[in-house]
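Notes follow the structure.
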Amino acid sequence: MKDTREDKAARRRLLLDRYGHAVPRYTSYPPATRFIAAQDAGQTYARRLAAASGDVSLYFHIPFCMRLCYYCGCHTRVVNDYGPVTDYLALLEKEVAMVRERLSPDCRVSHIHFGGGSPTMLTPDDFSRFMENIRAGFNVMPDAEIGIEADPRNITPPHVAAYAGAGVTRLSLGVQSFDDAVLEAVNRPQPFALTEKAVALCRAEGIGSINFDLMYGLPLQTAEKVLETMKRAVSLSPDRIAYFGYAHVPWMKKHMALLPEGSLPDAAARLRQQEAGGEFLVAAGYIPVGIDHFVRPGDTMRLALQTRRLHRNFQGYTTDGAPTLIGFGASAIGENAAGYCQNASDTKTYFDRISAGEFATLRLLDLAPEDHPRRRVIEALMCYLEADTAAACAESGLPPESLDAELESLQPMAQDGILTLEGRRVIVDPEYRMLVRIVCEAFDQYAQKGEGAAPRHAQAV
Ligand SMILES: C[S@@+](CC[C@H](N)C(=O)[O-])C[C@H]1O[C@@H](n2cnc3c(N)ncnc32)[C@H](O)[C@@H]1O
Ligand code: SF4
């Protein structure tokens, strides 16, 4: 007899109980918690920039918001006047000039992303000027994707006009929930009409792609409330929806303690919310991508999924395939084939370094030879739910059996039906996509596994 929907849900709950624990988000491998502070990080970064070739991608971090959402895990701070933003922009411009001096003029910019915080805190004039400067200083490709993480509460018609004028192709709107009580509980009042207006403005200005960030696991959320939110979200036809599980890490972000523990849904409720939201979106015609994205069938991310050109970086899933990512601003992370580098997260250190004409890079990670196949396998699992360890080892010049012990450690999960092992291929059943980070952990040689490991990450679901 075939399993009913309820049987399958019960099995997922059981397996989440069996395997669920705190795991990294695997937006990079090794995870950012492994980056190492280095005295000469700035010089190493300058050398890496000078060696870059081909396509590059630019990331600008804007660490300011108008009001603190209590669930926020981003690197940001609340400002009540524009002075700090102006000062920060001047430093960002200076950092841009420093990078430009070292980067080969042959490098072509294929992606630009503004993240935060809330890049929508910049005035329309400042944003336009900043983008003009970027276009003047870098070889930005005519079809470059330019995305902004936007707080709909900041957006006015002149903002959206400035984005359209600067060639922005995607606005990613922070929504989280359309339930007023949930939004109230997290200190983020945002009426539906406000988001609806922001969407209409983007469409009127011809911004081709709209993403919504939605969340589950927030205080007072239930599966029923999630369904209401999804209905309203779909009524606005976003091209993509990122549906994140609230990562509750009050030991890292003290303000999260403002959310009373008792108001947070437990693991079983979180799973129900995740499933209810995902099933609704699939029934509404969205295609699931990785662990937390849903896209319309014609979206470029769907194409990237089909053609195996999807990637995962610090912004989550992306179609950005540039081999070099250059991060600007406090806490920004850069990436290339050699490894990762991160700017000072503390805004004062960032200010002091850049003002003195020095790079603000403080932490680095040089990939070790054995990191390469693990990085490939983890990215493939996160993107496609499957990976070929022999192929990943061959690409890194290692013998095919190099990850056999890791494959062997997946036997219990194979016996439980979470995944299939075909030779050296791991194929995760999409039914259990929510457990894929636990599968990835088997290939993470730095993971602190087992009892007593420090809780440095959020729960798997
Ligand atoms: C930089 S914000 C988006 C832009 C803008 N600041 C806003 O909130 O509207 C990035 C997104 O990260 C997600 N996020 C923030 N904190 C989170 C957490 N603790 N767990 C999971 N997702 C989180 C939210 O969905 C949020 O929209
Ligand atoms: S979720 Fe967005 S608006 Fe809210 S505090 Fe975080 S970065 Fe700022």
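Here, A, B, ... name the chains of the structure tokens in the order displayed, residue numbers run from 1 inside each chain, and ligands are numbered from 1 in the same displayed order.
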Practice prompt. Identify, with DSSP run on backbone atoms, the residues in range 99-244 of chain A assigned to alpha helix (DSSP H), and express the list as a VMD selection string.
Written response: chain A and resid 99 to 102 124 to 137 157 to 165 180 to 185 192 to 204 223 to 235
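For Cys72 in chain A, the list of residues within 9 Å, based on only C-alpha atoms and with local chain neighbours fewer than 4 positions off taken out, reads Leu68, Thr76, Tyr246, Ala247, Lys253, His255 and Met256 of chain A.
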Generate a file of the selected residues that holds N, CA and C atoms, formatted as a compact mmCIF listing (two decimals), in the first residue's frame.
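The result, stored in result.txt:
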```
# COMPACT_ATOMS: atom_id res chain seq x y z
N LEU A 68 15.10 47.67 14.51
CA LEU A 68 15.65 46.33 14.68
C LEU A 68 14.55 45.26 14.73
N THR A 76 24.07 44.26 11.16
CA THR A 76 23.49 45.58 10.93
C THR A 76 23.33 46.34 12.23
N TYR A 246 13.61 30.37 10.85
CA TYR A 246 14.24 31.32 11.77
C TYR A 246 15.39 30.63 12.51
N ALA A 247 16.59 31.19 12.35
CA ALA A 247 17.77 30.67 13.04
C ALA A 247 17.89 31.40 14.37
N LYS A 253 23.59 36.60 18.84
CA LYS A 253 22.84 37.84 18.62
C LYS A 253 21.96 38.07 19.84
N HIS A 255 20.07 40.36 20.94
CA HIS A 255 18.69 40.88 20.85
C HIS A 255 17.66 39.78 20.61
N MET A 256 18.11 38.60 20.15
CA MET A 256 17.15 37.51 19.91
C MET A 256 16.51 37.05 21.23
```
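Neighbours of ligand 2 at a cut-off of 9 Å, computed so that only C-alpha atoms and all ligand atoms are counted, are the residues Pro63, Phe64, Cys65, Met66, Arg67, Leu68, Cys69, Tyr70, Tyr71, Cys72, Gly73, Cys74, His75, Thr76, Arg77, Val78, Gly115, Gly116, Gly117, Ser118, Glu149, Ala150, Asp151, Arg153, Gly174, Val175, Gln176, Asn187 and Arg188 of chain A.
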Would you save the residues of that selection, restricted to C-alpha atoms, as a PDB file, in the first residue's frame?
```pdb
ATOM      1  CA  PRO A  63      24.992  47.584   7.696  1.00  0.00           C
ATOM      2  CA  PHE A  64      22.165  49.984   8.586  1.00  0.00           C
ATOM      3  CA  CYS A  65      18.467  49.655   9.308  1.00  0.00           C
ATOM      4  CA  MET A  66      15.747  51.981  10.515  1.00  0.00           C
ATOM      5  CA  ARG A  67      14.446  49.596  13.186  1.00  0.00           C
ATOM      6  CA  LEU A  68      15.646  46.327  14.684  1.00  0.00           C
ATOM      7  CA  CYS A  69      13.718  43.138  13.898  1.00  0.00           C
ATOM      8  CA  TYR A  70      14.207  40.943  16.973  1.00  0.00           C
ATOM      9  CA  TYR A  71      14.826  37.820  14.882  1.00  0.00           C
ATOM     10  CA  CYS A  72      17.542  39.470  12.812  1.00  0.00           C
ATOM     11  CA  GLY A  73      20.702  37.453  12.281  1.00  0.00           C
ATOM     12  CA  CYS A  74      22.274  39.923   9.844  1.00  0.00           C
ATOM     13  CA  HIS A  75      25.213  42.231  10.491  1.00  0.00           C
ATOM     14  CA  THR A  76      23.490  45.580  10.928  1.00  0.00           C
ATOM     15  CA  ARG A  77      22.680  48.382  13.333  1.00  0.00           C
ATOM     16  CA  VAL A  78      19.870  50.843  13.751  1.00  0.00           C
ATOM     17  CA  GLY A 115      23.027  43.258   0.912  1.00  0.00           C
ATOM     18  CA  GLY A 116      22.669  44.176   4.519  1.00  0.00           C
ATOM     19  CA  GLY A 117      21.191  45.427   6.671  1.00  0.00           C
ATOM     20  CA  SER A 118      19.011  47.444   4.374  1.00  0.00           C
ATOM     21  CA  GLU A 149      18.018  43.328  -0.577  1.00  0.00           C
ATOM     22  CA  ALA A 150      15.208  45.774  -0.013  1.00  0.00           C
ATOM     23  CA  ASP A 151      13.196  46.683   3.041  1.00  0.00           C
ATOM     24  CA  ARG A 153       9.292  50.030   4.464  1.00  0.00           C
ATOM     25  CA  GLY A 174      11.970  41.407   3.100  1.00  0.00           C
ATOM     26  CA  VAL A 175       8.458  40.278   4.009  1.00  0.00           C
ATOM     27  CA  GLN A 176       8.826  37.429   6.567  1.00  0.00           C
ATOM     28  CA  ASN A 187       9.096  44.397  16.118  1.00  0.00           C
ATOM     29  CA  ARG A 188       8.540  44.634  12.388  1.00  0.00           C
TER      30      ARG A 188
END
```
Give me, as an mmCIF file with C-alpha atoms, in the first residue's frame, all polymer residues having an atom no more than 12 Å from range 82-84 of chain A, counting only C-alpha atoms and skipping those fewer than 3 positions away in the same chain.
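Once everything was written out, this is around.cif:
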```cif
data_model
loop_
_atom_site.group_PDB
_atom_site.id
_atom_site.type_symbol
_atom_site.label_atom_id
_atom_site.label_comp_id
_atom_site.auth_asym_id
_atom_site.auth_seq_id
_atom_site.Cartn_x
_atom_site.Cartn_y
_atom_site.Cartn_z
ATOM 1 C CA ILE A 62 25.188 48.162 3.916
ATOM 2 C CA PRO A 63 24.992 47.584 7.696
ATOM 3 C CA PHE A 64 22.165 49.984 8.586
ATOM 4 C CA CYS A 65 18.467 49.655 9.308
ATOM 5 C CA MET A 66 15.747 51.981 10.515
ATOM 6 C CA ARG A 77 22.680 48.382 13.333
ATOM 7 C CA VAL A 78 19.870 50.843 13.751
ATOM 8 C CA VAL A 79 20.574 54.479 12.912
ATOM 9 C CA ASP A 87 30.297 58.512 6.273
ATOM 10 C CA TYR A 88 30.101 54.822 5.472
ATOM 11 C CA LEU A 89 29.373 55.459 1.793
ATOM 12 C CA ALA A 90 32.479 57.644 1.550
ATOM 13 C CA LEU A 91 34.547 54.762 2.928
ATOM 14 C CA MET A 121 18.533 53.063 3.535
ATOM 15 C CA LEU A 122 20.624 54.876 0.880
ATOM 16 C CA THR A 123 18.881 57.914 -0.564
ATOM 17 C CA ASP A 126 23.317 58.420 -3.212
ATOM 18 C CA THR A 347 32.419 49.176 11.760
ATOM 19 C CA LYS A 348 35.017 51.210 13.671
ATOM 20 C CA PHE A 351 36.515 52.840 9.185
#
```
Practice prompt. Show which residues sit within 8 Å of range 196-198 of chain A, as a PyMOL selection string. Count only C-alpha atoms, and ignore same-chain residues fewer than 3 positions away.
Written response: chain A and resi 152+155-156+192-193+201-202+236
Keeping N, CA and C atoms for every residue in the selection just given, could you write it to a file as a PDB file, in the first residue's frame?
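Printed below is again00.pdb as written:
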```
ATOM      1  N   PRO A 152      10.885  46.865   2.223  1.00  0.00           N
ATOM      2  CA  PRO A 152       9.769  47.583   1.588  1.00  0.00           C
ATOM      3  C   PRO A 152       9.362  48.829   2.357  1.00  0.00           C
ATOM      4  N   ILE A 155      11.134  51.958   0.946  1.00  0.00           N
ATOM      5  CA  ILE A 155      11.060  52.258  -0.490  1.00  0.00           C
ATOM      6  C   ILE A 155      10.026  53.323  -0.831  1.00  0.00           C
ATOM      7  N   THR A 156      10.470  54.314  -1.616  1.00  0.00           N
ATOM      8  CA  THR A 156       9.563  55.353  -2.123  1.00  0.00           C
ATOM      9  C   THR A 156       9.657  55.321  -3.657  1.00  0.00           C
ATOM     10  N   PHE A 192       0.295  44.505   4.791  1.00  0.00           N
ATOM     11  CA  PHE A 192       0.283  43.890   3.458  1.00  0.00           C
ATOM     12  C   PHE A 192       0.285  44.959   2.364  1.00  0.00           C
ATOM     13  N   ALA A 193      -0.527  46.020   2.584  1.00  0.00           N
ATOM     14  CA  ALA A 193      -0.675  47.061   1.552  1.00  0.00           C
ATOM     15  C   ALA A 193       0.667  47.704   1.211  1.00  0.00           C
ATOM     16  N   LEU A 201       5.240  49.281  -7.514  1.00  0.00           N
ATOM     17  CA  LEU A 201       6.235  50.279  -7.932  1.00  0.00           C
ATOM     18  C   LEU A 201       7.334  49.638  -8.779  1.00  0.00           C
ATOM     19  N   CYS A 202       7.828  48.482  -8.307  1.00  0.00           N
ATOM     20  CA  CYS A 202       8.904  47.787  -9.040  1.00  0.00           C
ATOM     21  C   CYS A 202       8.425  47.423 -10.438  1.00  0.00           C
ATOM     22  N   LEU A 236       0.627  38.153  -5.120  1.00  0.00           N
ATOM     23  CA  LEU A 236       1.445  39.233  -5.680  1.00  0.00           C
ATOM     24  C   LEU A 236       2.446  38.716  -6.719  1.00  0.00           C
TER      25      LEU A 236
END
```
Close residues, range 434-446 of chain A itself excluded, 10 Å, only C-alpha atoms, min 2 positions apart in chain, as a CSV table (one decimal) with N, CA and C atoms, in the first residue's frame:
```csv
chain,number,residue,atom,x,y,z
A,12,ARG,N,8.9,11.9,8.3
A,12,ARG,CA,9.8,13.0,8.3
A,12,ARG,C,10.1,13.5,9.7
A,15,LEU,N,12.4,11.0,11.4
A,15,LEU,CA,13.8,11.1,11.0
A,15,LEU,C,14.4,12.4,11.4
A,16,LEU,N,13.6,13.4,11.5
A,16,LEU,CA,14.1,14.7,12.0
A,16,LEU,C,14.5,14.5,13.5
A,19,TYR,N,17.8,12.4,13.4
A,19,TYR,CA,19.1,13.0,12.9
A,19,TYR,C,19.3,14.5,13.1
A,20,GLY,N,18.2,15.2,13.4
A,20,GLY,CA,18.2,16.7,13.5
A,20,GLY,C,19.2,17.2,14.6
A,21,HIS,N,20.0,18.1,14.3
A,21,HIS,CA,20.8,18.8,15.3
A,21,HIS,C,21.3,20.1,14.7
A,22,ALA,N,22.1,20.9,15.5
A,22,ALA,CA,22.6,22.1,15.0
A,22,ALA,C,23.7,21.9,13.9
A,23,VAL,N,23.5,22.5,12.8
A,23,VAL,CA,24.4,22.4,11.6
A,23,VAL,C,24.7,23.7,11.0
A,24,PRO,N,25.8,23.8,10.3
A,24,PRO,CA,26.1,25.1,9.5
A,24,PRO,C,25.1,25.2,8.4
A,25,ARG,N,25.0,26.4,7.9
A,25,ARG,CA,24.1,26.6,6.7
A,25,ARG,C,24.7,26.3,5.4
A,26,TYR,N,26.0,26.0,5.5
A,26,TYR,CA,26.8,25.7,4.3
A,26,TYR,C,26.6,26.7,3.1
A,29,TYR,N,32.1,26.4,2.2
A,29,TYR,CA,32.8,25.3,2.9
A,29,TYR,C,34.3,25.6,2.7
A,30,PRO,N,35.0,25.6,3.8
A,30,PRO,CA,34.7,25.5,5.2
A,30,PRO,C,33.8,26.7,5.6
A,31,PRO,N,32.9,26.5,6.7
A,31,PRO,CA,32.1,27.6,7.1
A,31,PRO,C,32.8,28.7,7.7
A,33,THR,N,32.9,30.2,10.3
A,33,THR,CA,33.4,30.0,11.7
A,33,THR,C,34.8,29.5,11.7
A,34,ARG,N,35.3,29.0,10.5
A,34,ARG,CA,36.7,28.4,10.4
A,34,ARG,C,37.7,29.5,9.9
A,271,LEU,N,8.7,22.1,11.7
A,271,LEU,CA,8.6,21.2,10.5
A,271,LEU,C,7.3,21.3,9.8
A,274,GLN,N,7.2,24.5,7.8
A,274,GLN,CA,8.0,24.4,6.6
A,274,GLN,C,7.3,23.6,5.6
A,275,GLU,N,6.7,22.5,6.0
A,275,GLU,CA,6.1,21.6,5.0
A,275,GLU,C,4.8,22.3,4.4
A,290,GLY,N,16.9,23.6,-3.9
A,290,GLY,CA,17.7,23.5,-2.7
A,290,GLY,C,16.9,23.3,-1.5
A,291,ILE,N,17.3,23.9,-0.4
A,291,ILE,CA,16.6,23.7,0.9
A,291,ILE,C,15.5,24.7,1.2
A,292,ASP,N,15.6,25.9,0.6
A,292,ASP,CA,14.7,27.0,1.0
A,292,ASP,C,14.2,27.9,-0.1
A,370,GLU,N,42.6,19.0,0.5
A,370,GLU,CA,41.5,18.1,0.8
A,370,GLU,C,40.1,18.9,1.0
A,371,ASP,N,40.2,20.2,1.1
A,371,ASP,CA,39.0,21.0,1.2
A,371,ASP,C,38.2,21.0,-0.1
A,373,PRO,N,37.5,18.9,-2.8
A,373,PRO,CA,36.4,17.9,-3.2
A,373,PRO,C,35.3,18.0,-2.2
A,374,ARG,N,35.6,18.3,-0.9
A,374,ARG,CA,34.5,18.4,0.1
A,374,ARG,C,33.6,19.6,-0.2
A,375,ARG,N,34.3,20.7,-0.6
A,375,ARG,CA,33.5,21.9,-1.0
A,375,ARG,C,32.6,21.6,-2.2
A,377,VAL,N,31.4,18.7,-3.2
A,377,VAL,CA,30.4,17.7,-2.8
A,377,VAL,C,29.3,18.5,-2.0
A,378,ILE,N,29.7,19.3,-1.1
A,378,ILE,CA,28.7,20.0,-0.2
A,378,ILE,C,27.9,21.0,-1.1
A,379,GLU,N,28.5,21.7,-2.0
A,379,GLU,CA,27.8,22.6,-2.8
A,379,GLU,C,26.8,21.9,-3.7
A,380,ALA,N,27.2,20.7,-4.3
A,380,ALA,CA,26.3,20.0,-5.1
A,380,ALA,C,25.1,19.4,-4.3
A,381,LEU,N,25.4,18.9,-3.1
A,381,LEU,CA,24.3,18.4,-2.3
A,381,LEU,C,23.3,19.5,-2.0
A,382,MET,N,23.9,20.7,-1.6
A,382,MET,CA,23.0,21.8,-1.2
A,382,MET,C,22.1,22.3,-2.4
A,383,CYS,N,22.8,22.2,-3.6
A,383,CYS,CA,22.0,22.8,-4.8
A,383,CYS,C,21.1,21.7,-5.4
A,385,LEU,N,20.8,18.2,-4.4
A,385,LEU,CA,20.5,17.1,-3.5
A,385,LEU,C,21.3,15.8,-4.0
A,386,GLU,N,22.3,16.0,-4.8
A,386,GLU,CA,23.1,14.8,-5.2
A,386,GLU,C,24.5,15.2,-5.5
A,389,THR,N,31.1,11.7,-5.4
A,389,THR,CA,32.4,12.0,-4.7
A,389,THR,C,33.6,11.7,-5.6
A,403,LEU,N,37.0,10.0,-0.3
A,403,LEU,CA,35.9,10.3,0.5
A,403,LEU,C,35.0,9.0,0.9
A,405,ALA,N,35.3,6.9,3.4
A,405,ALA,CA,34.9,6.8,4.8
A,405,ALA,C,33.6,7.6,5.1
A,406,GLU,N,33.6,8.8,4.4
A,406,GLU,CA,32.4,9.7,4.6
A,406,GLU,C,31.2,9.0,4.0
A,407,LEU,N,31.4,8.4,2.8
A,407,LEU,CA,30.2,7.7,2.2
A,407,LEU,C,29.7,6.6,3.1
A,408,GLU,N,30.6,5.9,3.7
A,408,GLU,CA,30.3,4.8,4.6
A,408,GLU,C,29.5,5.3,5.8
A,409,SER,N,29.9,6.5,6.3
A,409,SER,CA,29.2,7.0,7.4
A,409,SER,C,27.7,7.4,7.1
A,410,LEU,N,27.4,7.4,5.8
A,410,LEU,CA,26.0,7.7,5.5
A,410,LEU,C,25.1,6.5,5.4
A,413,MET,N,21.7,6.5,7.2
A,413,MET,CA,20.7,7.4,6.5
A,413,MET,C,20.2,6.7,5.3
A,418,ILE,N,16.6,8.0,3.6
A,418,ILE,CA,16.8,9.5,3.4
A,418,ILE,C,17.6,9.7,2.1
A,419,LEU,N,18.5,8.8,1.8
A,419,LEU,CA,19.3,8.9,0.6
A,419,LEU,C,19.6,7.5,0.0
A,426,VAL,N,25.9,10.1,-4.1
A,426,VAL,CA,24.9,10.2,-3.0
A,426,VAL,C,23.7,10.9,-3.6
A,428,VAL,N,20.0,12.3,-2.4
A,428,VAL,CA,19.1,12.5,-1.3
A,428,VAL,C,17.7,12.5,-1.9
A,429,ASP,N,16.8,11.8,-1.2
A,429,ASP,CA,15.4,11.8,-1.6
A,429,ASP,C,14.8,13.2,-1.4
A,430,PRO,N,14.2,13.9,-2.4
A,430,PRO,CA,13.7,15.2,-2.2
A,430,PRO,C,12.7,15.3,-1.1
A,431,GLU,N,12.0,14.2,-0.8
A,431,GLU,CA,11.1,14.1,0.4
A,431,GLU,C,11.8,14.6,1.7
A,432,TYR,N,13.1,14.3,1.7
A,432,TYR,CA,13.9,14.7,2.9
A,432,TYR,C,14.9,15.8,2.7
A,448,GLN,N,32.0,19.9,14.4
A,448,GLN,CA,32.1,19.3,15.8
A,448,GLN,C,30.9,18.5,16.0
A,449,LYS,N,31.1,17.2,15.8
A,449,LYS,CA,30.0,16.3,15.8
A,449,LYS,C,29.8,15.6,17.2
A,460,ALA,N,18.7,22.2,12.3
A,460,ALA,CA,18.7,21.9,10.9
A,460,ALA,C,17.4,22.3,10.3
A,461,VAL,N,16.3,22.3,11.0
A,461,VAL,CA,15.0,22.7,10.4
A,461,VAL,C,14.4,23.8,11.3
```
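Nearest residue to ligand 1, choosing from A:Leu171, A:Ile333, A:Ala200, A:Ala223 and counting only C-alpha atoms and all ligand atoms: A:Leu171.
Considering the residues A:Ser110, A:Thr195, A:Gln39, A:Asn343 and counting only C-alpha atoms and all ligand atoms, ligand 1 has its shortest atom-to-atom contact with A:Thr195.
Scanning range 308-357 of chain A with DSSP on the backbone, the strand (DSSP E) assignments fall on His311, Arg312, Asn313, Gly316, Tyr317, Thr318, Thr324, Leu325, Ile326, Gly327, Phe328, Ile333, Gly334, Glu335, Asn336, Gly339, Tyr340, Cys341, Gln342 and Asn343 of chain A.
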Next, the residues of the selection above should be written as a CSV table (one decimal), in the first residue's frame with C-alpha atoms.
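Result file result_28.csv:
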```csv
chain,number,residue,atom,x,y,z
A,311,HIS,CA,25.7,28.0,-6.8
A,312,ARG,CA,25.6,28.7,-3.2
A,313,ASN,CA,27.4,31.7,-1.7
A,316,GLY,CA,22.3,31.8,-0.4
A,317,TYR,CA,21.4,30.3,-3.7
A,318,THR,CA,22.6,32.2,-6.8
A,324,THR,CA,35.8,35.7,-8.0
A,325,LEU,CA,33.5,37.4,-5.5
A,326,ILE,CA,34.8,40.7,-4.1
A,327,GLY,CA,33.2,41.8,-0.9
A,328,PHE,CA,33.0,45.5,0.1
A,333,ILE,CA,33.2,38.2,2.5
A,334,GLY,CA,35.1,37.6,-0.7
A,335,GLU,CA,35.7,34.2,-2.4
A,336,ASN,CA,37.9,32.8,-5.1
A,339,GLY,CA,39.7,30.5,-0.5
A,340,TYR,CA,37.8,33.2,1.4
A,341,CYS,CA,38.6,36.5,3.0
A,342,GLN,CA,36.5,38.7,5.3
A,343,ASN,CA,36.5,42.4,6.2
```
Discussion item. When you look at Leu227 in chain A with a cut-off of 9 Å (counting only C-alpha atoms), what residues show up, excluding the ones that are within fewer than 3 positions of it in the same chain? I need them as a list in words.
Written reply: Thr222, Ala223, Glu224, Met230, Lys231, Arg232, Gln273, Ala276, Gly277 and Phe280 of chain A
Selected residues written out with N, CA and C atoms, as a PDB file, in the first residue's frame:
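Everything below was put into result.pdb:
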```pdb
ATOM      1  N   THR A 222       2.041  29.673  13.162  1.00  0.00           N
ATOM      2  CA  THR A 222       1.470  28.330  13.105  1.00  0.00           C
ATOM      3  C   THR A 222       1.406  27.950  11.632  1.00  0.00           C
ATOM      4  N   ALA A 223       1.147  26.674  11.351  1.00  0.00           N
ATOM      5  CA  ALA A 223       1.040  26.241   9.951  1.00  0.00           C
ATOM      6  C   ALA A 223      -0.117  26.986   9.270  1.00  0.00           C
ATOM      7  N   GLU A 224      -1.188  27.224  10.002  1.00  0.00           N
ATOM      8  CA  GLU A 224      -2.346  27.924   9.407  1.00  0.00           C
ATOM      9  C   GLU A 224      -1.957  29.356   9.023  1.00  0.00           C
ATOM     10  N   MET A 230       1.299  32.603   2.723  1.00  0.00           N
ATOM     11  CA  MET A 230       1.659  32.099   1.388  1.00  0.00           C
ATOM     12  C   MET A 230       0.599  32.507   0.359  1.00  0.00           C
ATOM     13  N   LYS A 231      -0.665  32.415   0.762  1.00  0.00           N
ATOM     14  CA  LYS A 231      -1.749  32.794  -0.165  1.00  0.00           C
ATOM     15  C   LYS A 231      -1.575  34.245  -0.593  1.00  0.00           C
ATOM     16  N   ARG A 232      -1.317  35.084   0.380  1.00  0.00           N
ATOM     17  CA  ARG A 232      -1.186  36.515   0.080  1.00  0.00           C
ATOM     18  C   ARG A 232       0.083  36.761  -0.741  1.00  0.00           C
ATOM     19  N   GLN A 273       5.282  23.873   9.744  1.00  0.00           N
ATOM     20  CA  GLN A 273       5.216  25.162   9.035  1.00  0.00           C
ATOM     21  C   GLN A 273       6.029  25.111   7.746  1.00  0.00           C
ATOM     22  N   ALA A 276       4.031  22.892   5.309  1.00  0.00           N
ATOM     23  CA  ALA A 276       2.787  23.519   4.833  1.00  0.00           C
ATOM     24  C   ALA A 276       3.108  24.599   3.803  1.00  0.00           C
ATOM     25  N   GLY A 277       4.109  25.424   4.111  1.00  0.00           N
ATOM     26  CA  GLY A 277       4.477  26.509   3.191  1.00  0.00           C
ATOM     27  C   GLY A 277       5.000  25.955   1.877  1.00  0.00           C
ATOM     28  N   PHE A 280       2.288  24.332  -0.255  1.00  0.00           N
ATOM     29  CA  PHE A 280       1.414  25.344  -0.859  1.00  0.00           C
ATOM     30  C   PHE A 280       2.079  25.948  -2.098  1.00  0.00           C
TER      31      PHE A 280
END
```
Considering only C-alpha atoms, return as an mmCIF file with N, CA and C atoms, in the first residue's frame whatever protein or nucleic-acid residues lie within 6 Å of Ala344 in chain A, sequence-local ones (same chain, fewer than 6 positions apart) excluded.
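Now in result_33.cif:
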```
data_model
loop_
_atom_site.group_PDB
_atom_site.id
_atom_site.type_symbol
_atom_site.label_atom_id
_atom_site.label_comp_id
_atom_site.auth_asym_id
_atom_site.auth_seq_id
_atom_site.Cartn_x
_atom_site.Cartn_y
_atom_site.Cartn_z
ATOM 1 N N ALA A 330 31.837 46.600 5.795
ATOM 2 C CA ALA A 330 32.067 45.894 7.057
ATOM 3 C C ALA A 330 31.475 44.499 6.995
ATOM 4 N N SER A 331 32.254 43.517 7.398
ATOM 5 C CA SER A 331 31.882 42.095 7.502
ATOM 6 C C SER A 331 31.777 41.374 6.158
ATOM 7 N N TYR A 350 36.678 48.843 10.482
ATOM 8 C CA TYR A 350 36.547 49.026 9.039
ATOM 9 C C TYR A 350 36.869 50.482 8.680
ATOM 10 N N ALA A 360 40.600 46.346 4.793
ATOM 11 C CA ALA A 360 40.042 46.029 6.113
ATOM 12 C C ALA A 360 39.917 44.514 6.301
ATOM 13 N N LEU A 362 40.441 41.091 7.647
ATOM 14 C CA LEU A 362 41.005 40.632 8.926
ATOM 15 C C LEU A 362 41.138 39.123 8.991
#
```
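Going from CA of Gly208 in chain A to CA of Arg170 in chain A covers 6.4 Å.
Rounded to one decimal, CA of Ala268 in chain A and CA of Gly245 in chain A lie 12.7 Å from each other.
Between CA of Gly357 in chain A and CA of Arg102 in chain A there is a distance of 13.2 Å.
Considering only C-alpha atoms, the residue among A:His372, A:His293, A:Arg424, A:Arg18 positioned nearest to Glu395 in chain A is A:His372.
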